Amino acid sequence: MKLQCPRGLLSSAFQAVSGVVPSLTPKEILKEVKLQLADGQATLIGTDQEVGVRYQIPEVQTDSAGDVLLPVQRMMAILREVHDDVVGIEVSEDAVWIRAGQSEFRLSSEDPAEFPDVPSFSEESVFVVPESELKVGIQRTLFAADVESTRYALGGVLLDIAADSLTLAATDSRRLAVYRTACSSEGSAGELPPQPVVPSKAMSLIERSLTEGDASVRIAVRTNDAIVSAGLVTIYSRLVQGRFPRYQDVIPQESGVAVELVAGPFHSAVRQAMIVTNEESRGVDFSFEAGTLTLNSQAADVGTSTVQLPISFDGQKTVVTFDPKFVSDFLKVLDPASQVTLNLIDANSAAVFRTDEKYTYVVMPLQRD
């Protein structure tokens, strides 16, 4: 088995697949990735047995077929340090040879037959989403998931799929992020899947594999797993067990006080207010009054801060206490020039941030002693 490949393309493939390779695992074989050659095509495969990635490597020169396991960390180190444009890989009976220019590396390898299978994308009934829309949707929801929760359904992103729309939702029970976009279907369009929750690790890998282009992503959802195909990458994931909360019921229907803000300056003010907070006193008072937003924070043994921001607001004074990290997490995924509408009911009710009809973010205020 023998092949040659541009170093940059091979490096990109290893970068894409390495995200799924576990650093700590009782199964040492999972620290390897499988390089598969068949019909002149090369595919790099990695898995932790919950999530799997298949990456098709373009521009490979080979007339061989077969499989080989490669240690991902050593291969990435080799590809990072050598400087030749082309890398050769040759498999002998007892070793793998990596050659680039005047450099040569001999690596041992385990039996590829022992490596867990990662299914390829062969589904016919799929949902199709614009790549750029899915990327933005994941970026604007994933941060709200709770990866440490014992309520497993909160440890991922819900895909609420309808015939012509896709809604992504994530929550940790203290905040909720919801993003809606259009989608289409192929195959059995009338057979809508149950609402799957894809684990955070898989959603992060999907987001990193997407570009901001006009290409489409194909999503197939089955009873216990989902497969996503985007360009050169196919990502397989088991679904999170448990029932996701009815996110629609969390979004207040009352409008209350509406405050118009610009994401960039607002984010700057929030970051400043976060400086004088700690774990015991992490709350910041957001005081909205005519023409001005004042952020006040104080923490024992740290100090106090007051940050003011001119805003377009002429309503009655309203004070709400937020965890500033929750507000910052929302603002940092937006373009600084984005217009944000904040709807407040009172100091104890859920606050709703909106950028447009696609994106809604709900935050529960903190209770002051």
# chains A, B, ... in the order shown; residues from 1 in each chain; ligands from 1
$ select_by_dssp --residues "stretch 171-266 of chain A" --states "strand (DSSP E)" --output "PDB file with C-alpha atoms, in the first residue's frame"
ATOM      1  CA  THR A 171     -30.160  25.296  27.126  1.00  0.00           C
ATOM      2  CA  ARG A 175     -30.553  30.366  29.521  1.00  0.00           C
ATOM      3  CA  LEU A 176     -31.859  29.283  26.132  1.00  0.00           C
ATOM      4  CA  ALA A 177     -30.536  29.943  22.623  1.00  0.00           C
ATOM      5  CA  VAL A 178     -32.796  29.325  19.607  1.00  0.00           C
ATOM      6  CA  TYR A 179     -31.915  29.758  15.920  1.00  0.00           C
ATOM      7  CA  ARG A 180     -34.308  29.138  13.022  1.00  0.00           C
ATOM      8  CA  THR A 181     -33.473  28.726   9.353  1.00  0.00           C
ATOM      9  CA  ALA A 182     -34.978  27.283   6.201  1.00  0.00           C
ATOM     10  CA  SER A 184     -35.571  21.388   2.347  1.00  0.00           C
ATOM     11  CA  SER A 185     -35.971  17.629   2.161  1.00  0.00           C
ATOM     12  CA  GLU A 186     -35.151  14.823  -0.226  1.00  0.00           C
ATOM     13  CA  VAL A 197     -30.422  16.005  20.421  1.00  0.00           C
ATOM     14  CA  VAL A 198     -26.915  15.869  18.968  1.00  0.00           C
ATOM     15  CA  PRO A 199     -24.127  15.926  21.604  1.00  0.00           C
ATOM     16  CA  SER A 216     -25.431  22.497   1.167  1.00  0.00           C
ATOM     17  CA  VAL A 217     -25.239  20.168   4.154  1.00  0.00           C
ATOM     18  CA  ARG A 218     -27.133  16.891   4.098  1.00  0.00           C
ATOM     19  CA  ILE A 219     -28.534  15.612   7.412  1.00  0.00           C
ATOM     20  CA  ALA A 220     -29.971  12.145   7.996  1.00  0.00           C
ATOM     21  CA  VAL A 221     -31.583  11.360  11.357  1.00  0.00           C
ATOM     22  CA  ASP A 225     -27.970   8.357  15.575  1.00  0.00           C
ATOM     23  CA  ALA A 226     -27.487  11.074  12.975  1.00  0.00           C
ATOM     24  CA  ILE A 227     -25.147  11.472  10.005  1.00  0.00           C
ATOM     25  CA  VAL A 228     -24.123  14.797   8.503  1.00  0.00           C
ATOM     26  CA  SER A 229     -22.392  15.180   5.139  1.00  0.00           C
ATOM     27  CA  ALA A 230     -20.683  18.458   4.233  1.00  0.00           C
ATOM     28  CA  VAL A 233     -16.451  15.531   5.672  1.00  0.00           C
ATOM     29  CA  THR A 234     -18.981  13.038   7.016  1.00  0.00           C
ATOM     30  CA  ILE A 235     -19.729  13.122  10.752  1.00  0.00           C
ATOM     31  CA  TYR A 236     -21.574  10.340  12.539  1.00  0.00           C
ATOM     32  CA  SER A 237     -22.969  10.742  16.048  1.00  0.00           C
ATOM     33  CA  ARG A 238     -25.045   8.818  18.509  1.00  0.00           C
ATOM     34  CA  VAL A 257     -39.845  47.174  28.000  1.00  0.00           C
ATOM     35  CA  ALA A 258     -37.877  47.164  24.717  1.00  0.00           C
ATOM     36  CA  VAL A 259     -34.303  48.446  24.645  1.00  0.00           C
ATOM     37  CA  GLU A 260     -32.369  48.881  21.388  1.00  0.00           C
ATOM     38  CA  LEU A 261     -28.623  48.215  21.606  1.00  0.00           C
ATOM     39  CA  VAL A 262     -25.619  47.777  19.309  1.00  0.00           C
TER      40      VAL A 262
END
$ closest_residue --among "A:Asp172, A:Asp85, A:Glu32, A:Glu50" --to "A:Ser108" --atoms "only C-alpha atoms"
A:Glu32
$ select_by_dssp --residues "stretch 31-247 of chain A" --states "helix (DSSP H, G or I)" --output "number ranges by chain"
A: 31, 72-81, 112-114, 131-139, 142-144, 152-154, 200-209, 247
$ residues_around --residues "A:Pro22" --least-positions-apart "4" --cutoff "12 Å" --atoms "only C-alpha atoms" --output "ChimeraX atom specification"
/A:17-18,26-33,46-52,72-73,201
$ residues_around --residues "A:Ala351" --least-positions-apart "3" --cutoff "6 Å" --atoms "only C-alpha atoms" --output "list in words"
Asn343, Leu344, Val362 and Val363 of chain A
$ residues_around --residues "A:Ala215" --least-positions-apart "3" --cutoff "12 Å" --atoms "only C-alpha atoms" --output "tab-separated table (two decimals) with N, CA and C atoms, in the first residue's frame"
chain	number	residue	atom	x	y	z
A	128	VAL	N	-31.79	19.06	3.87
A	128	VAL	CA	-30.72	19.84	3.26
A	128	VAL	C	-30.76	21.27	3.80
A	129	VAL	N	-29.62	21.73	4.30
A	129	VAL	CA	-29.52	23.06	4.92
A	129	VAL	C	-28.35	23.80	4.29
A	130	PRO	N	-28.46	25.08	4.00
A	130	PRO	CA	-27.30	25.85	3.52
A	130	PRO	C	-26.16	25.79	4.54
A	131	GLU	N	-24.97	25.56	4.04
A	131	GLU	CA	-23.82	25.38	4.91
A	131	GLU	C	-23.58	26.59	5.82
A	132	SER	N	-23.65	27.78	5.26
A	132	SER	CA	-23.39	28.98	6.05
A	132	SER	C	-24.44	29.16	7.14
A	133	GLU	N	-25.70	28.81	6.85
A	133	GLU	CA	-26.76	28.95	7.84
A	133	GLU	C	-26.57	27.98	9.00
A	134	LEU	N	-26.20	26.74	8.69
A	134	LEU	CA	-25.99	25.76	9.76
A	134	LEU	C	-24.81	26.15	10.63
A	135	LYS	N	-23.77	26.67	10.02
A	135	LYS	CA	-22.59	27.10	10.78
A	135	LYS	C	-22.95	28.21	11.77
A	210	LEU	N	-17.53	23.17	8.62
A	210	LEU	CA	-18.33	23.96	7.68
A	210	LEU	C	-17.62	25.24	7.29
A	211	THR	N	-17.94	25.71	6.10
A	211	THR	CA	-17.44	27.01	5.63
A	211	THR	C	-18.62	27.98	5.63
A	212	GLU	N	-18.36	29.20	5.20
A	212	GLU	CA	-19.42	30.19	5.11
A	212	GLU	C	-19.91	30.34	3.66
A	218	ARG	N	-26.10	17.92	4.10
A	218	ARG	CA	-27.13	16.89	4.10
A	218	ARG	C	-27.17	16.23	5.47
A	229	SER	N	-23.36	15.15	6.23
A	229	SER	CA	-22.39	15.18	5.14
A	229	SER	C	-22.23	16.61	4.65
A	230	ALA	N	-20.98	17.09	4.68
A	230	ALA	CA	-20.68	18.46	4.23
A	230	ALA	C	-19.37	18.45	3.49
A	231	GLY	N	-19.44	18.55	2.17
A	231	GLY	CA	-18.22	18.58	1.38
A	231	GLY	C	-17.40	17.31	1.54
A	232	LEU	N	-16.16	17.46	1.99
A	232	LEU	CA	-15.26	16.32	2.15
A	232	LEU	C	-15.49	15.56	3.43
$ atom_distance --atom1 "atom CA of A:Ala263" --atom2 "atom CA of A:Arg140"
13.8 Å
$ atom_distance --atom1 "atom CA of A:Ile161" --atom2 "atom CA of A:Ser209"
21.1 Å
$ atom_distance --atom1 "atom CA of A:Ser64" --atom2 "atom CA of A:Val86"
17.5 Å
$ residues_around --residues "A:Asp314" --least-positions-apart "4" --cutoff "7 Å" --atoms "only C-alpha atoms" --output "PyMOL selection string"
chain A and resi 289-291
$ decode --residues "stretch 44-115 of chain A" --atoms "C-alpha atoms" --output "PDB file, in the first residue's frame"
ATOM      1  CA  LEU A  44      -9.160   9.347   6.921  1.00  0.00           C
ATOM      2  CA  ILE A  45     -11.343   8.014   9.752  1.00  0.00           C
ATOM      3  CA  GLY A  46     -11.394   8.743  13.480  1.00  0.00           C
ATOM      4  CA  THR A  47     -13.832   7.892  16.290  1.00  0.00           C
ATOM      5  CA  ASP A  48     -14.351   7.742  20.040  1.00  0.00           C
ATOM      6  CA  GLN A  49     -17.193   5.225  19.469  1.00  0.00           C
ATOM      7  CA  GLU A  50     -19.822   7.893  20.196  1.00  0.00           C
ATOM      8  CA  VAL A  51     -18.845  10.318  17.435  1.00  0.00           C
ATOM      9  CA  GLY A  52     -17.009   9.473  14.222  1.00  0.00           C
ATOM     10  CA  VAL A  53     -15.498  11.470  11.354  1.00  0.00           C
ATOM     11  CA  ARG A  54     -14.726  10.431   7.784  1.00  0.00           C
ATOM     12  CA  TYR A  55     -12.641  12.887   5.743  1.00  0.00           C
ATOM     13  CA  GLN A  56     -12.071  12.338   2.029  1.00  0.00           C
ATOM     14  CA  ILE A  57      -8.567  13.490   1.091  1.00  0.00           C
ATOM     15  CA  PRO A  58      -8.392  15.043  -2.385  1.00  0.00           C
ATOM     16  CA  GLU A  59      -5.487  14.907  -4.869  1.00  0.00           C
ATOM     17  CA  VAL A  60      -4.048  11.613  -3.628  1.00  0.00           C
ATOM     18  CA  GLN A  61      -1.847   9.705  -6.053  1.00  0.00           C
ATOM     19  CA  THR A  62      -2.129   5.947  -5.571  1.00  0.00           C
ATOM     20  CA  ASP A  63      -2.780   2.695  -7.353  1.00  0.00           C
ATOM     21  CA  SER A  64      -3.067   0.769  -4.075  1.00  0.00           C
ATOM     22  CA  ALA A  65      -5.912  -0.378  -1.853  1.00  0.00           C
ATOM     23  CA  GLY A  66      -6.050  -1.262   1.813  1.00  0.00           C
ATOM     24  CA  ASP A  67      -6.172   0.143   5.331  1.00  0.00           C
ATOM     25  CA  VAL A  68      -3.575   1.316   7.825  1.00  0.00           C
ATOM     26  CA  LEU A  69      -3.720   2.816  11.317  1.00  0.00           C
ATOM     27  CA  LEU A  70      -1.704   5.950  11.983  1.00  0.00           C
ATOM     28  CA  PRO A  71      -0.924   7.597  15.361  1.00  0.00           C
ATOM     29  CA  VAL A  72      -2.671  10.935  15.057  1.00  0.00           C
ATOM     30  CA  GLN A  73      -0.444  13.032  17.334  1.00  0.00           C
ATOM     31  CA  ARG A  74       2.822  11.833  15.763  1.00  0.00           C
ATOM     32  CA  MET A  75       1.455  12.270  12.263  1.00  0.00           C
ATOM     33  CA  MET A  76       0.345  15.826  13.025  1.00  0.00           C
ATOM     34  CA  ALA A  77       3.797  16.581  14.471  1.00  0.00           C
ATOM     35  CA  ILE A  78       5.463  15.216  11.322  1.00  0.00           C
ATOM     36  CA  LEU A  79       3.209  17.210   9.018  1.00  0.00           C
ATOM     37  CA  ARG A  80       3.803  20.331  11.070  1.00  0.00           C
ATOM     38  CA  GLU A  81       7.614  20.041  11.064  1.00  0.00           C
ATOM     39  CA  VAL A  82       8.434  18.866   7.528  1.00  0.00           C
ATOM     40  CA  HIS A  83       8.409  21.523   4.818  1.00  0.00           C
ATOM     41  CA  ASP A  84       8.200  19.616   1.539  1.00  0.00           C
ATOM     42  CA  ASP A  85       5.063  19.992  -0.526  1.00  0.00           C
ATOM     43  CA  VAL A  86       4.457  16.267  -0.992  1.00  0.00           C
ATOM     44  CA  VAL A  87       4.330  13.530   1.647  1.00  0.00           C
ATOM     45  CA  GLY A  88       4.598   9.834   0.831  1.00  0.00           C
ATOM     46  CA  ILE A  89       3.143   7.015   2.927  1.00  0.00           C
ATOM     47  CA  GLU A  90       4.173   3.398   2.372  1.00  0.00           C
ATOM     48  CA  VAL A  91       2.975   0.392   4.349  1.00  0.00           C
ATOM     49  CA  SER A  92       5.164  -2.687   4.710  1.00  0.00           C
ATOM     50  CA  GLU A  93       4.424  -5.895   6.595  1.00  0.00           C
ATOM     51  CA  ASP A  94       5.660  -4.592   9.946  1.00  0.00           C
ATOM     52  CA  ALA A  95       5.770  -0.790   9.728  1.00  0.00           C
ATOM     53  CA  VAL A  96       4.539   2.431   8.137  1.00  0.00           C
ATOM     54  CA  TRP A  97       7.035   4.682   6.366  1.00  0.00           C
ATOM     55  CA  ILE A  98       6.429   8.438   6.117  1.00  0.00           C
ATOM     56  CA  ARG A  99       8.697  10.264   3.668  1.00  0.00           C
ATOM     57  CA  ALA A 100       8.979  13.965   2.843  1.00  0.00           C
ATOM     58  CA  GLY A 101      12.022  15.265   0.981  1.00  0.00           C
ATOM     59  CA  GLN A 102      15.118  14.199   2.919  1.00  0.00           C
ATOM     60  CA  SER A 103      13.120  13.155   5.996  1.00  0.00           C
ATOM     61  CA  GLU A 104      11.989   9.597   6.689  1.00  0.00           C
ATOM     62  CA  PHE A 105       9.988   8.222   9.621  1.00  0.00           C
ATOM     63  CA  ARG A 106       9.271   4.599  10.486  1.00  0.00           C
ATOM     64  CA  LEU A 107       6.187   4.110  12.673  1.00  0.00           C
ATOM     65  CA  SER A 108       4.688   0.966  14.131  1.00  0.00           C
ATOM     66  CA  SER A 109       1.029   0.265  13.492  1.00  0.00           C
ATOM     67  CA  GLU A 110      -1.768  -1.857  14.937  1.00  0.00           C
ATOM     68  CA  ASP A 111      -4.127  -4.122  13.033  1.00  0.00           C
ATOM     69  CA  PRO A 112      -6.666  -1.931  11.178  1.00  0.00           C
ATOM     70  CA  ALA A 113      -9.232  -4.724  11.370  1.00  0.00           C
ATOM     71  CA  GLU A 114      -9.554  -3.977  15.102  1.00  0.00           C
ATOM     72  CA  PHE A 115     -10.561  -0.354  14.496  1.00  0.00           C
TER      73      PHE A 115
END
